[in-house]
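Q: Handing you a structure now.
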Amino acid sequence: MPTPLETPAFPPRFTVRARLKSFIFAGCGLRSLVQGEHNARLHLAASLIVVAAGLVLRVSAADWRWLVLAIAMVWLAEAFNTAIEDICDRINPEFDPAIGRIKDLAAGAVLVASIAAALIGLFTLTPPLLELFR
């Protein structure tokens with residue numbers, strides 16, 4: 001059996017079962033993210049509110065593209081931020097200014113994604129919401 005740094009002589013065969021397992025692992029990662037991170041639960045609530053608003057307001061397919069992109073952008077940023085924080089804590093559990101900077105940069109990316117998503121949501125959902133009240 002090759003060590004983790006060695007390349008196997010032959011790549012593993014493609015199997016449907018292995019692909020299905022990879023989806024299960026990904027789902028476990030998302031569940032872990034939501035269960036272990038307070039901010040991920042806030043993102044989940046915001047995502048559900050945006051989807052509900054889009055359904056109630058019957059936004060267009062073009063608007064759904066923007067909403068889905070905004071939601072995905074925030075979830076990607078949060079997942080990467082959590083992964084970066086976890087690996088930094090694993091590498092060096094003690095306080096280190098360089099690792100602190102790395103973690104701050106990753107958190108800043110989540111902030112940027114969240115602000116952009118909020119603006120996309122406002123620009124996308126405000127016109128049909130105003131139309132509803134007319």
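Ligands are numbered from 1 in the order shown, residues from 1 within each chain, and chains are lettered A, B, ... in the order they appear in the structure tokens.
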Pull the closest atom pair for each residue of stretch 45-129 of chain A that gets at most 12 Å from stretch 35-38 of chain A, along with the distance in Å to one decimal, counting only C-alpha atoms, ordering rows by chain and then ascending residue number, as CSV.
A:
```
residue,atom,partner,partner_atom,distance
A:Ala45,CA,A:His38,CA,10.9
A:Trp75,CA,A:Glu37,CA,11.8
A:Glu78,CA,A:Glu37,CA,9.1
A:Ala79,CA,A:Glu37,CA,9.7
A:Asn81,CA,A:Glu37,CA,10.7
A:Thr82,CA,A:Glu37,CA,8.0
A:Ala83,CA,A:Glu37,CA,11.2
A:Glu85,CA,A:Glu37,CA,11.4
A:Asp86,CA,A:Gly36,CA,11.3
```
Q: Quote the spacing between atom CA of A:Val59 and atom CA of A:Val110 in Å to one decimal place.
A: 25.9 Å
Q: Report, in Å to a single decimal, how far apart atom CA of A:Pro127 and atom CA of A:Val51 are.
A: 15.8 Å
Q: Here is a test: counting only C-alpha atoms, which residue of A:Leu132, A:Ala106, A:Cys88, A:Ile71 is nearest to A:Ile49?
A: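 Of the candidates, the smallest distance to A:Ile49 is held by A:Ile71.
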Q: Using only C-alpha atoms, determine which residues lie at most 12 Å from A:Ser114, disregarding the query and same-chain residues fewer than 6 positions distant; provide the list as a CSV table (one decimal) with C-alpha atoms, in the first residue's frame.
A:
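See around_5.csv below for the written result:
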```csv
chain,number,residue,atom,x,y,z
A,39,ASN,CA,-22.1,31.5,12.1
A,40,ALA,CA,-23.0,28.6,9.8
A,42,LEU,CA,-26.9,32.1,11.0
A,43,HIS,CA,-26.0,31.5,7.3
A,46,ALA,CA,-30.5,33.5,6.2
A,47,SER,CA,-30.4,31.0,3.3
A,69,LEU,CA,-24.8,32.3,-6.4
A,70,ALA,CA,-24.9,34.6,-3.3
A,71,ILE,CA,-26.0,31.8,-1.0
A,72,ALA,CA,-23.3,29.5,-2.4
A,73,MET,CA,-20.6,32.2,-2.1
A,74,VAL,CA,-21.3,32.6,1.6
A,75,TRP,CA,-21.4,28.9,2.3
A,76,LEU,CA,-18.1,28.3,0.4
A,77,ALA,CA,-16.4,31.1,2.3
A,78,GLU,CA,-17.7,29.8,5.7
A,107,ALA,CA,-12.8,35.5,8.4
A,108,GLY,CA,-12.6,38.7,6.4
A,120,ILE,CA,-27.5,40.9,-4.0
A,121,GLY,CA,-30.4,39.9,-1.8
```
